[in-house]
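A.B. asks: Structure in structure tokens, see below.
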Amino acid sequence: MELLRQQLIAYRPWNEQEERDREELLRRLDSHEDLYTRDNAAAHFTASAWVVSPDRKQVLMAYHNLYGSWAWLGGHADGQQDLLAAAIREVQEESGLTEVRPVTPNIFSLEILTVDGHEKHGRSHLHLNVTYLLEADPAAPLRCKPDENSRVGWFGLEEAVAASTEPWFQQRIYKKLNAKLLTLGL
């Protein structure tokens, strides 16, 4: 818990949304709630990844069955306090990639996501999401994870945004991640 707290304190928010979310993540960490498992029905940590090609021209997306949309990769911490390791684990599980590298070990983005009427659990809750920028080889073999997604593929940066059928994610997350990628020159 201390590592994530230190990373959140060091993190420089991109916009007002990230500043508010950072403050809330720190507040929740300081409350000593169990945030690393799904036992917390109100809110728990998730780790996502914006997986890019080495030339930064492509991003990896999966077609998530639950939401019927192309989306970033990631998932629940499930007890793992190292959220970078959780993001890498989720990318490997969801894409079949065996070699995934952090572009930087630092947090790339923060989002508190509402999960309304989640079909698996039938209740609304929050995903306290930490996003990492990862890199993989687009020529490496991919496979889907049938219980979660039905396709995995590489898209151009703008095509990745357009492939999503979730306007909120398109506008508030995927466009932000692309803008940060291009502006920060990572």
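By order in the structure tokens, chains are A, B, ...; within a chain, residues start at 1; ligands start at 1, following the order shown.
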Using only C-alpha atoms, tabulate the residues of range 31-64 of chain A lying at most 7 Å from any atom of range 125-130 of chain A, each with its closest atom pair and that distance in Å to one decimal, by chain and increasing residue number, as JSON lines.

C.D. replies:
```
{"residue": "A:Ala41", "atom": "CA", "partner": "A:His125", "partner_atom": "CA", "distance": 6.5}
{"residue": "A:Ala42", "atom": "CA", "partner": "A:His125", "partner_atom": "CA", "distance": 4.8}
{"residue": "A:Ala43", "atom": "CA", "partner": "A:Leu126", "partner_atom": "CA", "distance": 4.5}
{"residue": "A:His44", "atom": "CA", "partner": "A:His127", "partner_atom": "CA", "distance": 5.5}
{"residue": "A:Phe45", "atom": "CA", "partner": "A:Leu128", "partner_atom": "CA", "distance": 4.6}
{"residue": "A:Thr46", "atom": "CA", "partner": "A:Asn129", "partner_atom": "CA", "distance": 4.7}
{"residue": "A:Ala47", "atom": "CA", "partner": "A:Val130", "partner_atom": "CA", "distance": 5.0}
{"residue": "A:Ser48", "atom": "CA", "partner": "A:Val130", "partner_atom": "CA", "distance": 6.2}
```

A.B. asks: Would you list the contacts of range 101-118 of chain A as an MDAnalysis selection string, taking every protein, DNA or RNA residue within 7 Å and counting only C-alpha atoms, but skipping same-chain residues closer than 3 positions in sequence?

C.D. replies: chainID A and resid 11 18 21:22 121:136

A.B. asks: Write a file of the selected residues as a tab-separated table (two decimals), in the first residue's frame, keeping C-alpha atoms.

C.D. replies:
```
chain	number	residue	atom	x	y	z
A	11	TYR	CA	2.11	11.58	-9.88
A	18	GLU	CA	-7.04	13.20	-12.69
A	21	ASP	CA	-9.34	11.18	-8.78
A	22	ARG	CA	-5.82	11.27	-7.32
A	121	HIS	CA	-22.45	-8.97	-9.74
A	122	GLY	CA	-25.69	-7.03	-10.23
A	123	ARG	CA	-24.55	-3.98	-8.25
A	124	SER	CA	-22.99	-0.63	-8.95
A	125	HIS	CA	-19.53	0.10	-7.61
A	126	LEU	CA	-16.34	2.03	-8.37
A	127	HIS	CA	-13.18	0.86	-10.05
A	128	LEU	CA	-10.26	2.85	-8.64
A	129	ASN	CA	-8.23	2.50	-11.80
A	130	VAL	CA	-4.52	3.04	-12.29
A	131	THR	CA	-3.31	2.91	-15.90
A	132	TYR	CA	0.21	2.03	-17.03
A	133	LEU	CA	1.85	2.56	-20.40
A	134	LEU	CA	3.14	-0.77	-21.69
A	135	GLU	CA	4.88	-1.81	-24.88
A	136	ALA	CA	4.66	-4.99	-26.94
```

A.B. asks: Pick from A:Ala87, A:Leu60, A:Ile173, A:Ile9: nearest to Gly156 in chain A, with only C-alpha atoms counted?

C.D. replies: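 Selected residue with least distance to Gly156 in chain A: A:Leu60.
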
A.B. asks: With distances taken over only C-alpha atoms, which of A:Ala49, A:Leu66, A:Ala85, A:Leu3 is nearest to Leu29 in chain A?

C.D. replies: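 The answer is A:Leu3, which sits nearest to Leu29 in chain A.
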
A.B. asks: Between A:Lys57, A:Gln81, A:His76, A:Thr165, which one has atoms that come closest to Asp39 in chain A, using only C-alpha atoms?

C.D. replies: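 Counting only C-alpha atoms, the residue closest to Asp39 in chain A is A:His76.
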
A.B. asks: Quick one: pick out all strand (DSSP E or B) residues within range 95-158 of chain A from a backbone DSSP run and write them as a ChimeraX atom specification.

C.D. replies: /A:101-102,109-115,125-135,149-156

A.B. asks: Hey, can you spit out that residue selection with C-alpha atoms as a PDB file, in the first residue's frame?

C.D. replies:
```pdb
ATOM      1  CA  ARG A 101       7.308  -4.250 -21.021  1.00  0.00           C
ATOM      2  CA  PRO A 102       6.552  -1.077 -19.106  1.00  0.00           C
ATOM      3  CA  SER A 109      -3.127   7.811 -15.975  1.00  0.00           C
ATOM      4  CA  LEU A 110      -5.772   7.715 -13.235  1.00  0.00           C
ATOM      5  CA  GLU A 111      -9.503   7.160 -13.515  1.00  0.00           C
ATOM      6  CA  ILE A 112     -12.297   6.409 -11.099  1.00  0.00           C
ATOM      7  CA  LEU A 113     -14.794   4.446 -13.158  1.00  0.00           C
ATOM      8  CA  THR A 114     -18.398   3.749 -12.245  1.00  0.00           C
ATOM      9  CA  VAL A 115     -19.538   0.212 -12.911  1.00  0.00           C
ATOM     10  CA  HIS A 125     -19.532   0.102  -7.610  1.00  0.00           C
ATOM     11  CA  LEU A 126     -16.342   2.028  -8.375  1.00  0.00           C
ATOM     12  CA  HIS A 127     -13.177   0.865 -10.050  1.00  0.00           C
ATOM     13  CA  LEU A 128     -10.263   2.846  -8.641  1.00  0.00           C
ATOM     14  CA  ASN A 129      -8.230   2.503 -11.797  1.00  0.00           C
ATOM     15  CA  VAL A 130      -4.522   3.038 -12.289  1.00  0.00           C
ATOM     16  CA  THR A 131      -3.309   2.908 -15.897  1.00  0.00           C
ATOM     17  CA  TYR A 132       0.206   2.028 -17.030  1.00  0.00           C
ATOM     18  CA  LEU A 133       1.853   2.561 -20.398  1.00  0.00           C
ATOM     19  CA  LEU A 134       3.136  -0.766 -21.685  1.00  0.00           C
ATOM     20  CA  GLU A 135       4.882  -1.806 -24.879  1.00  0.00           C
ATOM     21  CA  ASN A 149     -13.073 -11.234 -24.996  1.00  0.00           C
ATOM     22  CA  SER A 150     -13.677 -12.570 -28.468  1.00  0.00           C
ATOM     23  CA  ARG A 151     -10.955 -10.709 -30.387  1.00  0.00           C
ATOM     24  CA  VAL A 152      -7.648  -8.963 -29.751  1.00  0.00           C
ATOM     25  CA  GLY A 153      -5.971  -6.678 -32.255  1.00  0.00           C
ATOM     26  CA  TRP A 154      -3.739  -3.728 -32.977  1.00  0.00           C
ATOM     27  CA  PHE A 155      -5.193  -0.383 -34.111  1.00  0.00           C
ATOM     28  CA  GLY A 156      -3.780   2.970 -35.139  1.00  0.00           C
TER      29      GLY A 156
END
```
